[in-house]
Amino acid sequence: MIHLLDNDPRQFSEPENYKYNHGSLSSVMININQELKKINSYSDAEQAEWVGVCAPLDIGFKYKDKKSFIISCWETANTLSYFHLNSAKQSKQKLLGMSNQITNLWRKYGLDCKTLHLGADTEFWQPTKEKDKEKFVFILPFATFTRSAIDLALEAFSIAFKNNKDVVLKLKDTEASPKYLSKIEEYKKLGLNIEHHTGRWSMQELRDFYSSAHVCLTLQRAASFCLVISESMSCITVNLTGNIEPSNEIVNKEISVMVDPIGLSSIPQSTNYLVQEWGFINAYPNFDYPEEPLFYHFDKNQYAEKMLECYNQWNAKYSKLNYREHIKQNFTWEKTAKNLINILNEN
């Protein structure tokens with residue numbers, strides 16, 4: 001029997017609100033536990049044989065005398081910190097990476113790790129709104145930080161649609177970087193059709209946001225799995241994303257649009273810089289690394305070309321593709337739960 005710990009106190013203090021207003025890590029625990037219950041493989045932590053957690057920093061996790069496992073979601077492109085490596089070596093807990101990118105990082109440093117791809121609740125994430133008939137809608141649902149490539153999205157959108165009022169870019173974040181708030185205003189003054197929404201939305205509101213859009217921009221310079229891809233595809237929205245792991249583990253070129261990276265770039269190790277401009281909140285600069293952390297870099301002109309491709313070929317091609325079926329066949333929480341059981345049962 002298996003249990004994933006969710007320590008968010010809101011699940012007890014405001015359970016109805018928490019059901020539709022929780023973060024991505026809690027989503028992993030909630031959905032896997034629900035699927036384990038359906039196949040009679042779940043119990044509470046005290047009765048479970050295996051107790052696990054999904055966290056970027058709790059690598060030494062151990063629950064009492066239980067067999068323990070960690071679903072790792074570290075987001076650097078090419079290295080793990082000494083903190084992670086030493087914690088994993090000392091704790092010797094079972095490691096699972098939520099993408100091949102993460103799994104391969106652990107294996108690169110000689111640690112055993114298995115991939116556990118995450119899923120989408122396709123009963124919930126489904127189309128609830130018709131596509132906008134008046135305007136062609138691009139959405140960028142990530143926080144407006146450098147990591148989400150907001151700077152490239154704005155530049156590419158300007159190149160592709162500066163004089164086209166029939167196309168709109170809708171930005172959504174929970175807390176915007178002051179630098180990019182001013183950038184957004186600069187582009188709007190150039191005549192670009194841009195909407196910016198800030199604040200925490202319920203899952204129902206996000207579902208409507210995905211559904212009403214033609215294209216979801218999920219190109220990021222760094223990510224661990226990107227649930228937004230599987231959730232938005234379940235709402236029948238095409239993804240324009242980076243041809244890098246983990247994005248290209250979820251989508252494929254037949255049903256999505258991908259931008260190839262043009263290289264890797266280093267990030268200055270400043271807490272203020274990483275939190276305010278990159279959106280990393282897990283104290284990345286406070287760690288030491290065996291290698292320099294590097295993040296993917298993309299070309300704004302190629303990004304603009306792919307935006308135009310989505311726009312120009314929407315009616316002929318992209319409106320006819322079944323993104324939802326791809327997720328239902330490959331990335332459901334049921335598959336995740338069954339894969340977790342198989343991994344934990346391996347010797």
# chains A, B, ... in the order shown; residues from 1 in each chain; ligands from 1
>>> residues_around(residues="Gln93 in chain A", least_positions_apart="6", cutoff="9 Å", atoms="only C-alpha atoms", output="ChimeraX atom specification")
/A:59-62,67-70
>>> write_last_selection(atoms="C-alpha atoms", output="mmCIF file, in the first residue's frame")
data_model
loop_
_atom_site.group_PDB
_atom_site.id
_atom_site.type_symbol
_atom_site.label_atom_id
_atom_site.label_comp_id
_atom_site.auth_asym_id
_atom_site.auth_seq_id
_atom_site.Cartn_x
_atom_site.Cartn_y
_atom_site.Cartn_z
ATOM 1 C CA ILE A 59 15.779 14.644 -0.898
ATOM 2 C CA GLY A 60 16.544 13.075 2.474
ATOM 3 C CA PHE A 61 12.851 12.421 3.117
ATOM 4 C CA LYS A 62 12.079 9.557 5.485
ATOM 5 C CA LYS A 67 9.900 2.475 2.966
ATOM 6 C CA SER A 68 10.292 5.943 1.490
ATOM 7 C CA PHE A 69 10.509 7.404 -2.001
ATOM 8 C CA ILE A 70 11.022 10.852 -3.507
#
>>> residues_around(residues="Leu219 in chain A", least_positions_apart="5", cutoff="8 Å", atoms="only C-alpha atoms", output="ChimeraX atom specification")
/A:148-149,240-242,259
>>> write_last_selection(atoms="all heavy atoms", output="PDB file, in the first residue's frame")
ATOM      1  N   SER A 148      10.084  31.677 -17.982  1.00  0.00           N
ATOM      2  CA  SER A 148       8.979  31.345 -18.870  1.00  0.00           C
ATOM      3  C   SER A 148       9.146  31.959 -20.247  1.00  0.00           C
ATOM      4  O   SER A 148       8.252  31.860 -21.082  1.00  0.00           O
ATOM      5  CB  SER A 148       7.659  31.825 -18.265  1.00  0.00           C
ATOM      6  OG  SER A 148       7.615  33.237 -18.220  1.00  0.00           O
ATOM      7  N   ALA A 149      10.293  32.600 -20.484  1.00  0.00           N
ATOM      8  CA  ALA A 149      10.614  33.216 -21.773  1.00  0.00           C
ATOM      9  C   ALA A 149       9.611  34.299 -22.160  1.00  0.00           C
ATOM     10  O   ALA A 149       9.291  34.478 -23.331  1.00  0.00           O
ATOM     11  CB  ALA A 149      10.733  32.160 -22.875  1.00  0.00           C
ATOM     12  N   LEU A 240       2.650  25.491 -28.383  1.00  0.00           N
ATOM     13  CA  LEU A 240       3.874  25.950 -29.033  1.00  0.00           C
ATOM     14  C   LEU A 240       4.933  25.933 -27.951  1.00  0.00           C
ATOM     15  O   LEU A 240       4.888  26.715 -27.003  1.00  0.00           O
ATOM     16  CB  LEU A 240       3.696  27.365 -29.595  1.00  0.00           C
ATOM     17  CG  LEU A 240       4.698  27.846 -30.665  1.00  0.00           C
ATOM     18  CD1 LEU A 240       4.267  29.201 -31.227  1.00  0.00           C
ATOM     19  CD2 LEU A 240       6.121  27.907 -30.181  1.00  0.00           C
ATOM     20  N   THR A 241       5.884  25.010 -28.069  1.00  0.00           N
ATOM     21  CA  THR A 241       6.797  24.757 -26.966  1.00  0.00           C
ATOM     22  C   THR A 241       8.220  24.581 -27.464  1.00  0.00           C
ATOM     23  O   THR A 241       8.493  24.617 -28.655  1.00  0.00           O
ATOM     24  CB  THR A 241       6.323  23.525 -26.173  1.00  0.00           C
ATOM     25  OG1 THR A 241       7.033  23.444 -24.946  1.00  0.00           O
ATOM     26  CG2 THR A 241       6.497  22.243 -26.967  1.00  0.00           C
ATOM     27  N   GLY A 242       9.151  24.401 -26.550  1.00  0.00           N
ATOM     28  CA  GLY A 242      10.546  24.197 -26.910  1.00  0.00           C
ATOM     29  C   GLY A 242      10.840  22.737 -27.189  1.00  0.00           C
ATOM     30  O   GLY A 242      10.318  21.843 -26.500  1.00  0.00           O
ATOM     31  N   VAL A 259       9.986  24.841 -31.095  1.00  0.00           N
ATOM     32  CA  VAL A 259      11.097  25.716 -31.431  1.00  0.00           C
ATOM     33  C   VAL A 259      12.379  25.054 -30.939  1.00  0.00           C
ATOM     34  O   VAL A 259      12.483  24.695 -29.760  1.00  0.00           O
ATOM     35  CB  VAL A 259      10.940  27.105 -30.784  1.00  0.00           C
ATOM     36  CG1 VAL A 259      12.085  28.020 -31.212  1.00  0.00           C
ATOM     37  CG2 VAL A 259       9.602  27.718 -31.137  1.00  0.00           C
TER      38      VAL A 259
END
>>> atom_distance(atom1="CA of Arg207 in chain A", atom2="CA of Leu118 in chain A")
18.1 Å
>>> closest_residue(among="A:Ser224, A:Ser212, A:Asn78, A:Thr144", to="Ser177 in chain A", atoms="only C-alpha atoms")
A:Thr144
>>> residues_around(residues="Thr103 in chain A", least_positions_apart="6", cutoff="9 Å", atoms="only C-alpha atoms", output="ChimeraX atom specification")
/A:72,95-97,112-116
>>> write_last_selection(atoms="N, CA, C and O atoms", output="mmCIF file, in the first residue's frame")
data_model
loop_
_atom_site.group_PDB
_atom_site.id
_atom_site.type_symbol
_atom_site.label_atom_id
_atom_site.label_comp_id
_atom_site.auth_asym_id
_atom_site.auth_seq_id
_atom_site.Cartn_x
_atom_site.Cartn_y
_atom_site.Cartn_z
ATOM 1 N N SER A 72 11.344 13.436 -7.705
ATOM 2 C CA SER A 72 12.217 14.599 -7.832
ATOM 3 C C SER A 72 11.748 15.527 -8.948
ATOM 4 O O SER A 72 11.352 15.081 -10.024
ATOM 5 N N LEU A 95 14.498 6.868 -5.686
ATOM 6 C CA LEU A 95 14.366 8.123 -6.421
ATOM 7 C C LEU A 95 13.556 7.929 -7.698
ATOM 8 O O LEU A 95 13.783 6.975 -8.445
ATOM 9 N N LEU A 96 12.637 8.861 -7.953
ATOM 10 C CA LEU A 96 11.888 8.860 -9.199
ATOM 11 C C LEU A 96 11.949 10.268 -9.787
ATOM 12 O O LEU A 96 11.736 11.249 -9.070
ATOM 13 N N GLY A 97 12.237 10.372 -11.070
ATOM 14 C CA GLY A 97 12.224 11.659 -11.740
ATOM 15 C C GLY A 97 10.933 11.819 -12.509
ATOM 16 O O GLY A 97 10.476 10.883 -13.169
ATOM 17 N N ASP A 112 20.754 5.715 -8.895
ATOM 18 C CA ASP A 112 19.668 4.998 -9.553
ATOM 19 C C ASP A 112 18.395 5.835 -9.496
ATOM 20 O O ASP A 112 18.029 6.374 -8.449
ATOM 21 N N CYS A 113 17.730 5.971 -10.624
ATOM 22 C CA CYS A 113 16.505 6.754 -10.689
ATOM 23 C C CYS A 113 15.643 6.226 -11.824
ATOM 24 O O CYS A 113 16.156 5.839 -12.876
ATOM 25 N N LYS A 114 14.330 6.186 -11.600
ATOM 26 C CA LYS A 114 13.383 5.740 -12.617
ATOM 27 C C LYS A 114 12.436 6.890 -12.953
ATOM 28 O O LYS A 114 12.103 7.698 -12.086
ATOM 29 N N THR A 115 11.992 6.943 -14.189
ATOM 30 C CA THR A 115 11.101 8.020 -14.619
ATOM 31 C C THR A 115 9.646 7.690 -14.307
ATOM 32 O O THR A 115 9.170 6.595 -14.607
ATOM 33 N N LEU A 116 8.953 8.652 -13.714
ATOM 34 C CA LEU A 116 7.528 8.552 -13.453
ATOM 35 C C LEU A 116 6.859 9.772 -14.088
ATOM 36 O O LEU A 116 6.738 10.826 -13.470
#
>>> residues_around(residues="Leu227 in chain A", least_positions_apart="4", cutoff="9 Å", atoms="only C-alpha atoms", output="VMD selection string")
chain A and resid 24 118 to 120 231 to 232
>>> select_by_dssp(residues="range 144-293 of chain A", states="strand (DSSP E or B)", output="VMD selection string")
chain A and resid 167 to 173 194 to 198 215 to 217 238 to 242 257 to 259 263 to 266
>>> atom_distance(atom1="CA of Thr174 in chain A", atom2="CA of His326 in chain A")
28.8 Å
>>> residues_around(residues="Pro261 in chain A", least_positions_apart="4", cutoff="7 Å", atoms="only C-alpha atoms", output="mmCIF file with N, CA, C and O atoms, in the first residue's frame")
data_model
loop_
_atom_site.group_PDB
_atom_site.id
_atom_site.type_symbol
_atom_site.label_atom_id
_atom_site.label_comp_id
_atom_site.auth_asym_id
_atom_site.auth_seq_id
_atom_site.Cartn_x
_atom_site.Cartn_y
_atom_site.Cartn_z
ATOM 1 N N GLY A 242 9.151 24.401 -26.550
ATOM 2 C CA GLY A 242 10.546 24.197 -26.910
ATOM 3 C C GLY A 242 10.840 22.737 -27.189
ATOM 4 O O GLY A 242 10.318 21.843 -26.500
ATOM 5 N N ASN A 243 11.673 22.481 -28.185
ATOM 6 C CA ASN A 243 12.061 21.104 -28.514
ATOM 7 C C ASN A 243 13.190 20.659 -27.589
ATOM 8 O O ASN A 243 14.321 20.423 -28.008
ATOM 9 N N TYR A 296 18.416 26.769 -21.307
ATOM 10 C CA TYR A 296 18.271 26.839 -22.758
ATOM 11 C C TYR A 296 17.983 28.249 -23.251
ATOM 12 O O TYR A 296 17.312 29.043 -22.592
ATOM 13 N N HIS A 297 18.519 28.523 -24.441
ATOM 14 C CA HIS A 297 18.313 29.813 -25.092
ATOM 15 C C HIS A 297 17.654 29.575 -26.452
ATOM 16 O O HIS A 297 17.989 28.625 -27.147
ATOM 17 N N PHE A 298 16.711 30.457 -26.814
ATOM 18 C CA PHE A 298 15.966 30.333 -28.070
ATOM 19 C C PHE A 298 16.054 31.636 -28.862
ATOM 20 O O PHE A 298 16.302 32.706 -28.301
#
>>> closest_residue(among="A:Phe331, A:Thr79, A:His3, A:Ser26", to="Lys66 in chain A", atoms="only C-alpha atoms")
A:His3
>>> closest_residue(among="A:Ala213, A:Ala143, A:Leu344, A:Ala337", to="Ile30 in chain A", atoms="only C-alpha atoms")
A:Ala337
>>> atom_distance(atom1="CA of Phe142 in chain A", atom2="CA of Glu292 in chain A")
25.3 Å
>>> closest_residue(among="A:Leu85, A:Ile2, A:Leu206, A:Ala156", to="Asn33 in chain A", atoms="only C-alpha atoms")
A:Ile2
>>> decode(residues="range 226-262 of chain A", atoms="N, CA, C and O atoms", output="PDB file, in the first residue's frame")
ATOM      1  N   CYS A 226       6.085  20.248 -16.436  1.00  0.00           N
ATOM      2  CA  CYS A 226       5.168  21.148 -17.136  1.00  0.00           C
ATOM      3  C   CYS A 226       3.772  20.546 -17.281  1.00  0.00           C
ATOM      4  O   CYS A 226       3.363  20.115 -18.352  1.00  0.00           O
ATOM      5  N   LEU A 227       3.046  20.516 -16.172  1.00  0.00           N
ATOM      6  CA  LEU A 227       1.670  20.040 -16.187  1.00  0.00           C
ATOM      7  C   LEU A 227       0.775  20.894 -17.082  1.00  0.00           C
ATOM      8  O   LEU A 227      -0.239  20.421 -17.589  1.00  0.00           O
ATOM      9  N   VAL A 228       1.160  22.152 -17.280  1.00  0.00           N
ATOM     10  CA  VAL A 228       0.361  23.039 -18.137  1.00  0.00           C
ATOM     11  C   VAL A 228       0.207  22.451 -19.540  1.00  0.00           C
ATOM     12  O   VAL A 228      -0.837  22.603 -20.175  1.00  0.00           O
ATOM     13  N   ILE A 229       1.239  21.768 -20.036  1.00  0.00           N
ATOM     14  CA  ILE A 229       1.166  21.181 -21.381  1.00  0.00           C
ATOM     15  C   ILE A 229       0.065  20.130 -21.442  1.00  0.00           C
ATOM     16  O   ILE A 229      -0.811  20.175 -22.311  1.00  0.00           O
ATOM     17  N   SER A 230       0.088  19.173 -20.533  1.00  0.00           N
ATOM     18  CA  SER A 230      -0.898  18.092 -20.584  1.00  0.00           C
ATOM     19  C   SER A 230      -2.301  18.602 -20.263  1.00  0.00           C
ATOM     20  O   SER A 230      -3.290  18.132 -20.845  1.00  0.00           O
ATOM     21  N   GLU A 231      -2.404  19.583 -19.375  1.00  0.00           N
ATOM     22  CA  GLU A 231      -3.715  20.111 -19.023  1.00  0.00           C
ATOM     23  C   GLU A 231      -4.317  20.917 -20.170  1.00  0.00           C
ATOM     24  O   GLU A 231      -5.494  20.769 -20.500  1.00  0.00           O
ATOM     25  N   SER A 232      -3.518  21.782 -20.795  1.00  0.00           N
ATOM     26  CA  SER A 232      -4.036  22.595 -21.907  1.00  0.00           C
ATOM     27  C   SER A 232      -4.328  21.738 -23.135  1.00  0.00           C
ATOM     28  O   SER A 232      -5.319  21.966 -23.845  1.00  0.00           O
ATOM     29  N   MET A 233      -3.501  20.717 -23.397  1.00  0.00           N
ATOM     30  CA  MET A 233      -3.785  19.819 -24.513  1.00  0.00           C
ATOM     31  C   MET A 233      -5.078  19.054 -24.279  1.00  0.00           C
ATOM     32  O   MET A 233      -5.826  18.768 -25.225  1.00  0.00           O
ATOM     33  N   SER A 234      -5.374  18.738 -23.025  1.00  0.00           N
ATOM     34  CA  SER A 234      -6.632  18.065 -22.703  1.00  0.00           C
ATOM     35  C   SER A 234      -7.831  18.956 -23.000  1.00  0.00           C
ATOM     36  O   SER A 234      -8.942  18.458 -23.211  1.00  0.00           O
ATOM     37  N   CYS A 235      -7.589  20.268 -23.022  1.00  0.00           N
ATOM     38  CA  CYS A 235      -8.643  21.230 -23.361  1.00  0.00           C
ATOM     39  C   CYS A 235      -8.645  21.540 -24.862  1.00  0.00           C
ATOM     40  O   CYS A 235      -9.240  22.526 -25.299  1.00  0.00           O
ATOM     41  N   ILE A 236      -7.968  20.695 -25.643  1.00  0.00           N
ATOM     42  CA  ILE A 236      -7.900  20.793 -27.104  1.00  0.00           C
ATOM     43  C   ILE A 236      -7.278  22.121 -27.541  1.00  0.00           C
ATOM     44  O   ILE A 236      -7.825  22.854 -28.377  1.00  0.00           O
ATOM     45  N   THR A 237      -6.140  22.433 -26.955  1.00  0.00           N
ATOM     46  CA  THR A 237      -5.397  23.639 -27.310  1.00  0.00           C
ATOM     47  C   THR A 237      -4.003  23.245 -27.777  1.00  0.00           C
ATOM     48  O   THR A 237      -3.314  22.486 -27.091  1.00  0.00           O
ATOM     49  N   VAL A 238      -3.604  23.736 -28.952  1.00  0.00           N
ATOM     50  CA  VAL A 238      -2.294  23.400 -29.474  1.00  0.00           C
ATOM     51  C   VAL A 238      -1.213  24.040 -28.603  1.00  0.00           C
ATOM     52  O   VAL A 238      -1.409  25.129 -28.052  1.00  0.00           O
ATOM     53  N   ASN A 239      -0.097  23.340 -28.427  1.00  0.00           N
ATOM     54  CA  ASN A 239       1.023  23.873 -27.670  1.00  0.00           C
ATOM     55  C   ASN A 239       2.147  24.289 -28.596  1.00  0.00           C
ATOM     56  O   ASN A 239       2.550  23.532 -29.483  1.00  0.00           O
ATOM     57  N   LEU A 240       2.650  25.491 -28.383  1.00  0.00           N
ATOM     58  CA  LEU A 240       3.874  25.950 -29.033  1.00  0.00           C
ATOM     59  C   LEU A 240       4.933  25.933 -27.951  1.00  0.00           C
ATOM     60  O   LEU A 240       4.888  26.715 -27.003  1.00  0.00           O
ATOM     61  N   THR A 241       5.884  25.010 -28.069  1.00  0.00           N
ATOM     62  CA  THR A 241       6.797  24.757 -26.966  1.00  0.00           C
ATOM     63  C   THR A 241       8.220  24.581 -27.464  1.00  0.00           C
ATOM     64  O   THR A 241       8.493  24.617 -28.655  1.00  0.00           O
ATOM     65  N   GLY A 242       9.151  24.401 -26.550  1.00  0.00           N
ATOM     66  CA  GLY A 242      10.546  24.197 -26.910  1.00  0.00           C
ATOM     67  C   GLY A 242      10.840  22.737 -27.189  1.00  0.00           C
ATOM     68  O   GLY A 242      10.318  21.843 -26.500  1.00  0.00           O
ATOM     69  N   ASN A 243      11.673  22.481 -28.185  1.00  0.00           N
ATOM     70  CA  ASN A 243      12.061  21.104 -28.514  1.00  0.00           C
ATOM     71  C   ASN A 243      13.190  20.659 -27.589  1.00  0.00           C
ATOM     72  O   ASN A 243      14.321  20.423 -28.008  1.00  0.00           O
ATOM     73  N   ILE A 244      12.855  20.579 -26.307  1.00  0.00           N
ATOM     74  CA  ILE A 244      13.799  20.181 -25.264  1.00  0.00           C
ATOM     75  C   ILE A 244      13.051  19.322 -24.256  1.00  0.00           C
ATOM     76  O   ILE A 244      11.814  19.360 -24.179  1.00  0.00           O
ATOM     77  N   GLU A 245      13.791  18.533 -23.505  1.00  0.00           N
ATOM     78  CA  GLU A 245      13.169  17.828 -22.385  1.00  0.00           C
ATOM     79  C   GLU A 245      12.860  18.855 -21.292  1.00  0.00           C
ATOM     80  O   GLU A 245      13.623  19.782 -21.072  1.00  0.00           O
ATOM     81  N   PRO A 246      11.732  18.721 -20.614  1.00  0.00           N
ATOM     82  CA  PRO A 246      10.762  17.633 -20.702  1.00  0.00           C
ATOM     83  C   PRO A 246       9.611  17.877 -21.691  1.00  0.00           C
ATOM     84  O   PRO A 246       8.767  17.009 -21.866  1.00  0.00           O
ATOM     85  N   SER A 247       9.580  19.071 -22.316  1.00  0.00           N
ATOM     86  CA  SER A 247       8.444  19.396 -23.189  1.00  0.00           C
ATOM     87  C   SER A 247       8.260  18.370 -24.297  1.00  0.00           C
ATOM     88  O   SER A 247       7.145  17.914 -24.571  1.00  0.00           O
ATOM     89  N   ASN A 248       9.371  17.986 -24.954  1.00  0.00           N
ATOM     90  CA  ASN A 248       9.244  17.049 -26.076  1.00  0.00           C
ATOM     91  C   ASN A 248       9.044  15.609 -25.625  1.00  0.00           C
ATOM     92  O   ASN A 248       8.940  14.710 -26.450  1.00  0.00           O
ATOM     93  N   GLU A 249       8.998  15.382 -24.319  1.00  0.00           N
ATOM     94  CA  GLU A 249       8.593  14.073 -23.821  1.00  0.00           C
ATOM     95  C   GLU A 249       7.061  13.965 -23.795  1.00  0.00           C
ATOM     96  O   GLU A 249       6.515  12.873 -23.854  1.00  0.00           O
ATOM     97  N   ILE A 250       6.394  15.107 -23.695  1.00  0.00           N
ATOM     98  CA  ILE A 250       4.937  15.114 -23.569  1.00  0.00           C
ATOM     99  C   ILE A 250       4.278  15.285 -24.930  1.00  0.00           C
ATOM    100  O   ILE A 250       3.323  14.583 -25.265  1.00  0.00           O
ATOM    101  N   VAL A 251       4.757  16.239 -25.698  1.00  0.00           N
ATOM    102  CA  VAL A 251       4.167  16.499 -27.013  1.00  0.00           C
ATOM    103  C   VAL A 251       4.932  15.730 -28.082  1.00  0.00           C
ATOM    104  O   VAL A 251       5.914  15.060 -27.806  1.00  0.00           O
ATOM    105  N   ASN A 252       4.498  15.836 -29.316  1.00  0.00           N
ATOM    106  CA  ASN A 252       5.287  15.345 -30.436  1.00  0.00           C
ATOM    107  C   ASN A 252       5.057  16.255 -31.625  1.00  0.00           C
ATOM    108  O   ASN A 252       4.081  17.014 -31.669  1.00  0.00           O
ATOM    109  N   LYS A 253       5.950  16.224 -32.584  1.00  0.00           N
ATOM    110  CA  LYS A 253       5.922  17.178 -33.683  1.00  0.00           C
ATOM    111  C   LYS A 253       4.706  17.017 -34.580  1.00  0.00           C
ATOM    112  O   LYS A 253       4.366  17.931 -35.322  1.00  0.00           O
ATOM    113  N   GLU A 254       4.052  15.876 -34.519  1.00  0.00           N
ATOM    114  CA  GLU A 254       2.887  15.669 -35.373  1.00  0.00           C
ATOM    115  C   GLU A 254       1.683  16.477 -34.908  1.00  0.00           C
ATOM    116  O   GLU A 254       0.826  16.847 -35.719  1.00  0.00           O
ATOM    117  N   ILE A 255       1.588  16.760 -33.626  1.00  0.00           N
ATOM    118  CA  ILE A 255       0.407  17.461 -33.123  1.00  0.00           C
ATOM    119  C   ILE A 255       0.741  18.749 -32.376  1.00  0.00           C
ATOM    120  O   ILE A 255      -0.155  19.377 -31.817  1.00  0.00           O
ATOM    121  N   SER A 256       1.991  19.152 -32.340  1.00  0.00           N
ATOM    122  CA  SER A 256       2.371  20.376 -31.665  1.00  0.00           C
ATOM    123  C   SER A 256       3.413  21.112 -32.499  1.00  0.00           C
ATOM    124  O   SER A 256       3.894  20.601 -33.505  1.00  0.00           O
ATOM    125  N   VAL A 257       3.748  22.308 -32.072  1.00  0.00           N
ATOM    126  CA  VAL A 257       4.721  23.139 -32.775  1.00  0.00           C
ATOM    127  C   VAL A 257       5.894  23.380 -31.839  1.00  0.00           C
ATOM    128  O   VAL A 257       5.697  23.802 -30.692  1.00  0.00           O
ATOM    129  N   MET A 258       7.114  23.110 -32.314  1.00  0.00           N
ATOM    130  CA  MET A 258       8.277  23.198 -31.442  1.00  0.00           C
ATOM    131  C   MET A 258       9.342  24.115 -31.998  1.00  0.00           C
ATOM    132  O   MET A 258       9.584  24.158 -33.209  1.00  0.00           O
ATOM    133  N   VAL A 259       9.986  24.841 -31.095  1.00  0.00           N
ATOM    134  CA  VAL A 259      11.097  25.716 -31.431  1.00  0.00           C
ATOM    135  C   VAL A 259      12.379  25.054 -30.939  1.00  0.00           C
ATOM    136  O   VAL A 259      12.483  24.695 -29.760  1.00  0.00           O
ATOM    137  N   ASP A 260      13.344  24.876 -31.822  1.00  0.00           N
ATOM    138  CA  ASP A 260      14.622  24.278 -31.429  1.00  0.00           C
ATOM    139  C   ASP A 260      15.463  25.278 -30.650  1.00  0.00           C
ATOM    140  O   ASP A 260      15.515  26.464 -31.003  1.00  0.00           O
ATOM    141  N   PRO A 261      16.158  24.843 -29.592  1.00  0.00           N
ATOM    142  CA  PRO A 261      17.049  25.750 -28.865  1.00  0.00           C
ATOM    143  C   PRO A 261      18.272  26.083 -29.713  1.00  0.00           C
ATOM    144  O   PRO A 261      18.664  25.303 -30.586  1.00  0.00           O
ATOM    145  N   ILE A 262      18.866  27.223 -29.463  1.00  0.00           N
ATOM    146  CA  ILE A 262      20.087  27.606 -30.190  1.00  0.00           C
ATOM    147  C   ILE A 262      21.315  27.549 -29.301  1.00  0.00           C
ATOM    148  O   ILE A 262      22.419  27.897 -29.732  1.00  0.00           O
TER     149      ILE A 262
END
